[in-house]
file final28.pdb (PDB, C-alpha atoms)
ATOM      1  CA  MET X   1      45.042  85.044 102.310
ATOM      2  CA  ASN X   2      47.161  87.007 104.771
ATOM      3  CA  ILE X   3      47.190  90.445 103.075
ATOM      4  CA  VAL X   4      49.841  91.905 105.376
ATOM      5  CA  LYS X   5      52.174  88.976 104.749
ATOM      6  CA  THR X   6      51.526  89.050 101.022
ATOM      7  CA  MET X   7      52.333  92.774 100.822
ATOM      8  CA  GLY X   8      55.450  92.104 102.849
ATOM      9  CA  GLN X   9      56.592  89.514 100.325
ATOM     10  CA  LEU X  10      55.960  91.951  97.463
ATOM     11  CA  LEU X  11      57.940  94.653  99.245
ATOM     12  CA  LEU X  12      60.767  92.198  99.834
ATOM     13  CA  ALA X  13      60.864  91.412  96.139
ATOM     14  CA  ALA X  14      61.058  95.121  95.378
ATOM     15  CA  SER X  15      63.799  95.612  97.958
ATOM     16  CA  LEU X  16      65.855  92.822  96.473
ATOM     17  CA  VAL X  17      65.596  94.219  92.981
ATOM     18  CA  ILE X  18      66.566  97.801  93.764
ATOM     19  CA  SER X  19      69.208  97.162  96.425
ATOM     20  CA  ALA X  20      72.952  97.307  95.649
ATOM     21  CA  ASN X  21      76.257  96.742  97.352
ATOM     22  CA  VAL X  22      77.277 100.373  97.768
ATOM     23  CA  GLN X  23      80.890 101.075  98.655
ATOM     24  CA  ALA X  24      82.546 104.482  99.063
ATOM     25  CA  GLU X  25      80.533 106.062  96.266
ATOM     26  CA  VAL X  26      77.045 105.409  94.966
ATOM     27  CA  GLU X  27      76.913 104.236  91.377
ATOM     28  CA  ARG X  28      74.549 106.309  89.246
ATOM     29  CA  PHE X  29      72.782 105.065  86.151
ATOM     30  CA  THR X  30      71.758 106.805  82.942
ATOM     31  CA  ASP X  31      69.966 103.636  81.783
ATOM     32  CA  PRO X  32      67.004 102.521  83.947
ATOM     33  CA  TYR X  33      67.245  98.909  82.774
ATOM     34  CA  GLN X  34      70.927  98.735  83.583
ATOM     35  CA  MET X  35      70.232 100.198  86.994
ATOM     36  CA  ILE X  36      67.682  97.570  87.933
ATOM     37  CA  SER X  37      69.808  94.745  86.507
ATOM     38  CA  VAL X  38      73.043  95.752  88.210
ATOM     39  CA  VAL X  39      71.592  96.368  91.634
ATOM     40  CA  ALA X  40      69.641  93.112  91.512
ATOM     41  CA  ASP X  41      72.860  91.161  90.970
ATOM     42  CA  HIS X  42      74.319  92.530  94.203
ATOM     43  CA  ALA X  43      71.306  92.293  96.489
ATOM     44  CA  PHE X  44      71.228  88.557  97.149
ATOM     45  CA  SER X  45      74.925  88.159  97.877
ATOM     46  CA  ARG X  46      74.805  90.949 100.476
ATOM     47  CA  LEU X  47      71.869  89.403 102.288
ATOM     48  CA  ALA X  48      73.508  85.972 102.200
ATOM     49  CA  GLN X  49      76.784  87.349 103.565
ATOM     50  CA  GLU X  50      75.050  89.165 106.415
ATOM     51  CA  LYS X  51      72.613  86.356 107.264
ATOM     52  CA  ASP X  52      74.246  85.248 110.525
ATOM     53  CA  ASN X  53      74.870  88.788 111.766
ATOM     54  CA  ILE X  54      71.294  89.781 110.968
ATOM     55  CA  LYS X  55      69.975  86.767 112.854
ATOM     56  CA  GLU X  56      71.780  88.006 115.960
ATOM     57  CA  ASN X  57      70.930  91.668 115.433
ATOM     58  CA  PRO X  58      68.008  92.382 113.063
ATOM     59  CA  GLU X  59      68.560  96.135 113.515
ATOM     60  CA  LEU X  60      71.532  95.797 111.139
ATOM     61  CA  LEU X  61      68.931  95.709 108.384
ATOM     62  CA  ARG X  62      68.262  99.414 108.908
ATOM     63  CA  THR X  63      71.879 100.177 108.089
ATOM     64  CA  MET X  64      71.757  97.910 105.064
ATOM     65  CA  VAL X  65      68.659  99.619 103.709
ATOM     66  CA  HIS X  66      70.017 103.100 104.428
ATOM     67  CA  GLU X  67      73.306 102.408 102.687
ATOM     68  CA  GLU X  68      72.080 100.330  99.798
ATOM     69  CA  LEU X  69      68.471 101.140  99.026
ATOM     70  CA  LEU X  70      67.967 104.843  99.644
ATOM     71  CA  PRO X  71      70.512 106.094  97.079
ATOM     72  CA  TYR X  72      68.313 104.634  94.346
ATOM     73  CA  ILE X  73      64.982 106.022  95.545
ATOM     74  CA  ASP X  74      63.712 109.575  95.100
ATOM     75  CA  VAL X  75      62.271 109.801  98.600
ATOM     76  CA  ARG X  76      61.279 113.462  98.377
ATOM     77  CA  TYR X  77      59.390 112.993  95.125
ATOM     78  CA  ALA X  78      57.596 109.930  96.525
ATOM     79  CA  ALA X  79      56.778 111.734  99.783
ATOM     80  CA  PHE X  80      55.309 114.710  97.922
ATOM     81  CA  ARG X  81      53.192 112.319  95.851
ATOM     82  CA  VAL X  82      51.852 110.863  99.105
ATOM     83  CA  ILE X  83      50.979 114.339 100.417
ATOM     84  CA  GLY X  84      49.171 115.062  97.150
ATOM     85  CA  ASN X  85      46.860 118.075  96.988
ATOM     86  CA  HIS X  86      47.241 118.642 100.716
ATOM     87  CA  ILE X  87      50.650 120.117  99.958
ATOM     88  CA  ARG X  88      49.003 123.485  99.242
ATOM     89  CA  SER X  89      48.056 123.909 102.893
ATOM     90  CA  THR X  90      51.491 123.015 104.308
ATOM     91  CA  THR X  91      54.599 125.030 105.076
ATOM     92  CA  GLU X  92      58.108 124.317 103.819
ATOM     93  CA  GLU X  93      59.169 123.314 107.323
ATOM     94  CA  GLU X  94      56.273 120.867 107.609
ATOM     95  CA  ARG X  95      57.100 119.340 104.225
ATOM     96  CA  ASP X  96      60.781 118.924 105.066
ATOM     97  CA  ALA X  97      59.914 117.286 108.382
ATOM     98  CA  PHE X  98      57.470 114.933 106.657
ATOM     99  CA  VAL X  99      60.056 113.895 104.043
ATOM    100  CA  ALA X 100      62.555 113.065 106.793
ATOM    101  CA  ALA X 101      59.973 111.074 108.757
ATOM    102  CA  PHE X 102      58.718 109.332 105.608
ATOM    103  CA  GLN X 103      62.285 108.291 104.803
ATOM    104  CA  GLU X 104      62.845 106.759 108.238
ATOM    105  CA  TYR X 105      59.454 105.058 108.038
ATOM    106  CA  MET X 106      60.345 103.521 104.663
ATOM    107  CA  ILE X 107      63.733 102.405 105.991
ATOM    108  CA  SER X 108      61.918 100.600 108.791
ATOM    109  CA  THR X 109      59.383  99.131 106.363
ATOM    110  CA  TYR X 110      61.983  97.783 103.971
ATOM    111  CA  ALA X 111      64.199  96.545 106.797
ATOM    112  CA  GLY X 112      61.261  94.489 108.009
ATOM    113  CA  THR X 113      60.636  93.020 104.569
ATOM    114  CA  PHE X 114      64.282  92.009 104.212
ATOM    115  CA  THR X 115      63.623  89.523 107.023
ATOM    116  CA  LEU X 116      61.462  87.563 104.547
ATOM    117  CA  TYR X 117      64.488  86.778 102.364
ATOM    118  CA  ARG X 118      64.992  83.097 101.597
ATOM    119  CA  ASP X 119      66.244  82.170  98.109
ATOM    120  CA  GLN X 120      64.420  84.460  95.715
ATOM    121  CA  ARG X 121      65.942  85.551  92.407
ATOM    122  CA  VAL X 122      64.961  88.189  89.870
ATOM    123  CA  ILE X 123      64.701  88.277  86.082
ATOM    124  CA  VAL X 124      64.710  91.750  84.509
ATOM    125  CA  GLU X 125      63.097  92.338  81.116
ATOM    126  CA  PRO X 126      65.413  93.216  78.187
ATOM    127  CA  GLY X 127      66.332  96.887  77.972
ATOM    128  CA  GLN X 128      64.651  99.303  75.604
ATOM    129  CA  ASP X 129      65.542 102.746  74.301
ATOM    130  CA  VAL X 130      63.870 105.321  76.563
ATOM    131  CA  GLY X 131      64.863 108.264  74.386
ATOM    132  CA  ASN X 132      64.148 111.594  76.063
ATOM    133  CA  ARG X 133      61.466 110.255  78.359
ATOM    134  CA  ARG X 134      61.569 111.415  81.968
ATOM    135  CA  VAL X 135      59.581 108.501  83.382
ATOM    136  CA  ALA X 136      60.261 104.846  82.612
ATOM    137  CA  THR X 137      58.854 101.488  83.670
ATOM    138  CA  VAL X 138      61.048  98.416  84.087
ATOM    139  CA  ARG X 139      59.303  95.066  84.442
ATOM    140  CA  THR X 140      60.750  92.213  86.450
ATOM    141  CA  ARG X 141      59.789  88.715  87.499
ATOM    142  CA  VAL X 142      60.640  87.442  90.987
ATOM    143  CA  ILE X 143      61.102  83.697  91.288
ATOM    144  CA  ASP X 144      60.534  82.224  94.734
ATOM    145  CA  PRO X 145      61.058  78.417  94.848
ATOM    146  CA  GLY X 146      57.801  76.564  95.412
ATOM    147  CA  LYS X 147      55.632  79.670  94.889
ATOM    148  CA  PRO X 148      54.055  81.431  91.890
ATOM    149  CA  ASP X 149      56.249  84.030  90.202
ATOM    150  CA  ILE X 150      55.620  87.657  91.176
ATOM    151  CA  THR X 151      55.507  90.327  88.468
ATOM    152  CA  ILE X 152      56.798  93.740  89.531
ATOM    153  CA  GLU X 153      56.974  96.988  87.590
ATOM    154  CA  PHE X 154      59.383  99.667  88.778
ATOM    155  CA  LYS X 155      58.558 103.286  88.060
ATOM    156  CA  LEU X 156      61.656 105.453  87.639
ATOM    157  CA  ILE X 157      62.075 109.172  87.087
ATOM    158  CA  ARG X 158      64.830 111.274  85.570
ATOM    159  CA  HIS X 159      64.381 114.910  86.552
ATOM    160  CA  ARG X 160      65.097 117.730  84.114
ATOM    161  CA  ASP X 161      68.171 118.810  86.047
ATOM    162  CA  SER X 162      69.664 115.293  86.110
ATOM    163  CA  GLU X 163      70.630 112.539  83.691
ATOM    164  CA  TYR X 164      70.355 109.817  86.337
ATOM    165  CA  TRP X 165      67.402 107.599  87.172
ATOM    166  CA  GLN X 166      65.796 106.940  90.553
ATOM    167  CA  VAL X 167      62.907 104.721  91.610
ATOM    168  CA  PHE X 168      59.806 106.440  92.960
ATOM    169  CA  ASP X 169      57.233 103.622  92.927
ATOM    170  CA  MET X 170      56.754  99.940  92.324
ATOM    171  CA  VAL X 171      53.657  98.082  91.189
ATOM    172  CA  ALA X 172      53.542  94.450  92.333
ATOM    173  CA  GLU X 173      50.784  92.268  90.914
ATOM    174  CA  GLY X 174      48.795  95.439  90.193
ATOM    175  CA  ILE X 175      49.372  96.938  93.652
ATOM    176  CA  SER X 176      51.164 100.305  93.706
ATOM    177  CA  LEU X 177      53.214 100.890  96.838
ATOM    178  CA  LEU X 178      52.905 104.647  96.392
ATOM    179  CA  ASP X 179      49.138 104.511  95.927
ATOM    180  CA  SER X 180      48.856 102.255  98.981
ATOM    181  CA  LYS X 181      50.777 104.727 101.143
ATOM    182  CA  ARG X 182      48.780 107.631  99.754
ATOM    183  CA  ALA X 183      45.538 105.839 100.582
ATOM    184  CA  GLU X 184      46.819 104.966 104.054
ATOM    185  CA  LEU X 185      48.108 108.427 104.933
ATOM    186  CA  GLY X 186      46.036 110.791 102.776
ATOM    187  CA  GLY X 187      42.955 110.689 104.961
ATOM    188  CA  MET X 188      45.053 111.111 108.085
ATOM    189  CA  ILE X 189      46.767 114.167 106.600
ATOM    190  CA  ARG X 190      43.386 115.679 105.737
ATOM    191  CA  GLN X 191      41.875 115.014 109.158
ATOM    192  CA  GLN X 192      44.834 115.477 111.504
ATOM    193  CA  GLY X 193      47.266 117.617 109.519
ATOM    194  CA  LEU X 194      50.704 116.919 108.113
ATOM    195  CA  ALA X 195      52.533 117.674 111.349
ATOM    196  CA  ARG X 196      50.566 115.040 113.271
ATOM    197  CA  VAL X 197      51.085 112.404 110.566
ATOM    198  CA  THR X 198      54.791 113.211 110.649
ATOM    199  CA  GLU X 199      54.805 112.437 114.366
ATOM    200  CA  LEU X 200      52.989 109.148 113.757
ATOM    201  CA  LEU X 201      55.535 108.090 111.118
ATOM    202  CA  GLN X 202      58.372 108.940 113.490
ATOM    203  CA  GLU X 203      56.786 106.711 116.126
ATOM    204  CA  ARG X 204      56.292 103.842 113.678
ATOM    205  CA  ALA X 205      59.877 104.104 112.448
ATOM    206  CA  LYS X 206      61.152 103.507 115.984
ATOM    207  CA  LEU X 207      59.479 100.106 116.309
ATOM    208  CA  PRO X 208      62.071  97.296 116.554
ATOM    209  CA  ILE X 209      62.859  95.094 113.564
ATOM    210  CA  GLU X 210      61.798  91.521 114.222
ATOM    211  CA  LEU X 211      62.850  88.516 112.176
ATOM    212  CA  ALA X 212      60.062  86.846 110.228
ATOM    213  CA  GLU X 213      59.286  83.270 111.178
ATOM    214  CA  PRO X 214      60.057  80.784 108.361
ATOM    215  CA  GLU X 215      57.014  79.306 106.643
ATOM    216  CA  GLU X 216      56.268  75.679 107.361
TER     217      GLU X 216
END
call {"tool": "encode", "arguments": {"input": "final28.pdb", "output": "structure tokens"}}
result
Amino acid sequence: MNIVKTMGQLLLAASLVISANVQAEVERFTDPYQMISVVADHAFSRLAQEKDNIKENPELLRTMVHEELLPYIDVRYAAFRVIGNHIRSTTEEERDAFVAAFQEYMISTYAGTFTLYRDQRVIVEPGQDVGNRRVATVRTRVIDPGKPDITIEFKLIRHRDSEYWQVFDMVAEGISLLDSKRAELGGMIRQQGLARVTELLQERAKLPIELAEPEE
């Protein structure tokens, strides 16, 4: 099994579910199930419409992710979770710089996974009453013709000072994206410091987006 390719396919599925066709204003959601359902409906049509342009210029995917994906992700919360206990030995300036670099790195990561789009579709579980909970999990099933279905759980948070939901993690087939990034970067932060890891993420984010070759 090609682990890198498999993770890429899982990330693509997540991207497709939580992307939306954002116009002048970003639509906010007080219902996490509605959020995932609505944005999923828009994701495939946008990718289909932009297919030819993306083929000529894959870098357009960065713009698509920035405009459509980021408004629905709590990047700062996710970045701080990646830093973990190391946050105690960092300055505010270092944390802010890391969040900015982490955001650009995730834009690059998701832009790359969008290149795996073929004809996938998503089924979102029926909504449930979340009451006063601040964290919710929405389960989905990604259907990719000719392949086994992929089960994905989206972790969303509603902060005390807001009534709106944002995604901070996804768990695909038991694999947490946030835990994976924490495992990948945590040791580096401990050994090299947050500032150095920030520089590394900035370098990675600058790598060009390349279209994925279709599977035979």
call {"tool": "resolve_selection", "arguments": {"input": "final28.pdb", "expression": "the PyMOL selection byres ((chain X and resi 129) around 10)", "output": "PyMOL selection string"}}
result
chain X and resi 31-33+127-128+130-133
call {"tool": "residues_near_point", "arguments": {"input": "final28.pdb", "point": "(55.6, 89.0, 90.7)", "cutoff": "10 Å", "atoms": "only C-alpha atoms", "output": "ChimeraX atom specification"}}
result
/X:9-10,13-14,122,139-144,148-153,171-174
call {"tool": "resolve_selection", "arguments": {"input": "final28.pdb", "expression": "the PyMOL selection byres ((chain X and resi 158) around 12)", "output": "PyMOL selection string"}}
result
chain X and resi 28-32+72-74+77+130-137+155-157+159-168
call {"tool": "residues_around", "arguments": {"input": "final28.pdb", "residues": "region 99-110 of chain X", "least_positions_apart": "4", "cutoff": "7 Å", "atoms": "all atoms listed in the file", "output": "list in words"}}
result
Leu11, Ser15, Arg62, Val65, His66, Val75, Arg76, Ala79, Arg95, Phe114, Thr198, Leu201, Gln202, Arg204 and Ala205 of chain X
call {"tool": "atom_distance", "arguments": {"input": "final28.pdb", "atom1": "CA of Leu70 (chain X)", "atom2": "CA of Glu56 (chain X)"}}
result
23.8 Å
call {"tool": "resolve_selection", "arguments": {"input": "final28.pdb", "expression": "the PyMOL selection byres ((chain X and resi 178) around 10)", "output": "MDAnalysis selection string"}}
result
chainID X and resid 78:79 81:82 168:171 175:177 179:184
call {"tool": "atom_distance", "arguments": {"input": "final28.pdb", "atom1": "CA of Phe80 (chain X)", "atom2": "CA of Arg196 (chain X)"}}
result
16.1 Å
call {"tool": "atom_distance", "arguments": {"input": "final28.pdb", "atom1": "CA of Glu50 (chain X)", "atom2": "CA of Pro208 (chain X)"}}
result
18.4 Å
call {"tool": "closest_residue", "arguments": {"input": "final28.pdb", "among": "X:Val138, X:Thr113, X:Gln191, X:Leu61", "to": "Glu125 (chain X)", "atoms": "only C-alpha atoms"}}
result
X:Val138
call {"tool": "residues_around", "arguments": {"input": "final28.pdb", "residues": "Ala48 (chain X)", "least_positions_apart": "5", "cutoff": "10 Å", "atoms": "all atoms listed in the file", "output": "MDAnalysis selection string"}}
result
chainID X and resid 43 54 117:119
call {"tool": "axis_aligned_box", "arguments": {"input": "final28.pdb", "around": "region 139-149 of chain X", "padding_each_side": "8 Å", "output": "lines of an AutoDock Vina configuration file"}}
result
center_x = 57.6
center_y = 85.8
center_z = 89.9
size_x = 23.0
size_y = 34.5
size_z = 27.0
call {"tool": "build_atoms", "arguments": {"input": "final28.pdb", "residues": "region 90-108 of chain X", "atoms": "N, CA and C atoms", "output": "PDB file, in the frame of the given file"}}
result
ATOM      1  N   THR X  90      50.372 123.313 103.410  1.00  0.00           N
ATOM      2  CA  THR X  90      51.491 123.015 104.308  1.00  0.00           C
ATOM      3  C   THR X  90      52.596 124.053 104.137  1.00  0.00           C
ATOM      4  N   THR X  91      53.447 124.130 105.145  1.00  0.00           N
ATOM      5  CA  THR X  91      54.599 125.030 105.076  1.00  0.00           C
ATOM      6  C   THR X  91      55.826 124.245 104.626  1.00  0.00           C
ATOM      7  N   GLU X  92      56.870 124.968 104.243  1.00  0.00           N
ATOM      8  CA  GLU X  92      58.108 124.317 103.819  1.00  0.00           C
ATOM      9  C   GLU X  92      58.708 123.490 104.956  1.00  0.00           C
ATOM     10  N   GLU X  93      58.635 124.026 106.162  1.00  0.00           N
ATOM     11  CA  GLU X  93      59.169 123.314 107.323  1.00  0.00           C
ATOM     12  C   GLU X  93      58.399 122.013 107.562  1.00  0.00           C
ATOM     13  N   GLU X  94      57.081 122.071 107.423  1.00  0.00           N
ATOM     14  CA  GLU X  94      56.273 120.867 107.609  1.00  0.00           C
ATOM     15  C   GLU X  94      56.596 119.825 106.542  1.00  0.00           C
ATOM     16  N   ARG X  95      56.792 120.282 105.313  1.00  0.00           N
ATOM     17  CA  ARG X  95      57.100 119.340 104.225  1.00  0.00           C
ATOM     18  C   ARG X  95      58.466 118.679 104.440  1.00  0.00           C
ATOM     19  N   ASP X  96      59.442 119.470 104.828  1.00  0.00           N
ATOM     20  CA  ASP X  96      60.781 118.924 105.066  1.00  0.00           C
ATOM     21  C   ASP X  96      60.757 117.899 106.201  1.00  0.00           C
ATOM     22  N   ALA X  97      60.017 118.204 107.245  1.00  0.00           N
ATOM     23  CA  ALA X  97      59.914 117.286 108.382  1.00  0.00           C
ATOM     24  C   ALA X  97      59.220 115.991 107.964  1.00  0.00           C
ATOM     25  N   PHE X  98      58.183 116.114 107.116  1.00  0.00           N
ATOM     26  CA  PHE X  98      57.470 114.933 106.657  1.00  0.00           C
ATOM     27  C   PHE X  98      58.369 114.057 105.800  1.00  0.00           C
ATOM     28  N   VAL X  99      59.151 114.661 104.904  1.00  0.00           N
ATOM     29  CA  VAL X  99      60.056 113.895 104.043  1.00  0.00           C
ATOM     30  C   VAL X  99      61.050 113.104 104.897  1.00  0.00           C
ATOM     31  N   ALA X 100      61.595 113.741 105.913  1.00  0.00           N
ATOM     32  CA  ALA X 100      62.555 113.065 106.793  1.00  0.00           C
ATOM     33  C   ALA X 100      61.904 111.909 107.536  1.00  0.00           C
ATOM     34  N   ALA X 101      60.685 112.130 108.040  1.00  0.00           N
ATOM     35  CA  ALA X 101      59.973 111.074 108.757  1.00  0.00           C
ATOM     36  C   ALA X 101      59.559 109.954 107.809  1.00  0.00           C
ATOM     37  N   PHE X 102      59.126 110.318 106.608  1.00  0.00           N
ATOM     38  CA  PHE X 102      58.718 109.332 105.608  1.00  0.00           C
ATOM     39  C   PHE X 102      59.905 108.453 105.229  1.00  0.00           C
ATOM     40  N   GLN X 103      61.080 109.059 105.128  1.00  0.00           N
ATOM     41  CA  GLN X 103      62.285 108.291 104.803  1.00  0.00           C
ATOM     42  C   GLN X 103      62.584 107.265 105.886  1.00  0.00           C
ATOM     43  N   GLU X 104      62.561 107.689 107.148  1.00  0.00           N
ATOM     44  CA  GLU X 104      62.845 106.759 108.238  1.00  0.00           C
ATOM     45  C   GLU X 104      61.788 105.666 108.325  1.00  0.00           C
ATOM     46  N   TYR X 105      60.542 106.034 108.035  1.00  0.00           N
ATOM     47  CA  TYR X 105      59.454 105.058 108.038  1.00  0.00           C
ATOM     48  C   TYR X 105      59.667 104.014 106.951  1.00  0.00           C
ATOM     49  N   MET X 106      60.103 104.458 105.753  1.00  0.00           N
ATOM     50  CA  MET X 106      60.345 103.521 104.663  1.00  0.00           C
ATOM     51  C   MET X 106      61.562 102.651 104.941  1.00  0.00           C
ATOM     52  N   ILE X 107      62.581 103.215 105.598  1.00  0.00           N
ATOM     53  CA  ILE X 107      63.733 102.405 105.991  1.00  0.00           C
ATOM     54  C   ILE X 107      63.276 101.273 106.897  1.00  0.00           C
ATOM     55  N   SER X 108      62.442 101.602 107.868  1.00  0.00           N
ATOM     56  CA  SER X 108      61.918 100.600 108.791  1.00  0.00           C
ATOM     57  C   SER X 108      61.073  99.566 108.058  1.00  0.00           C
TER      58      SER X 108
END
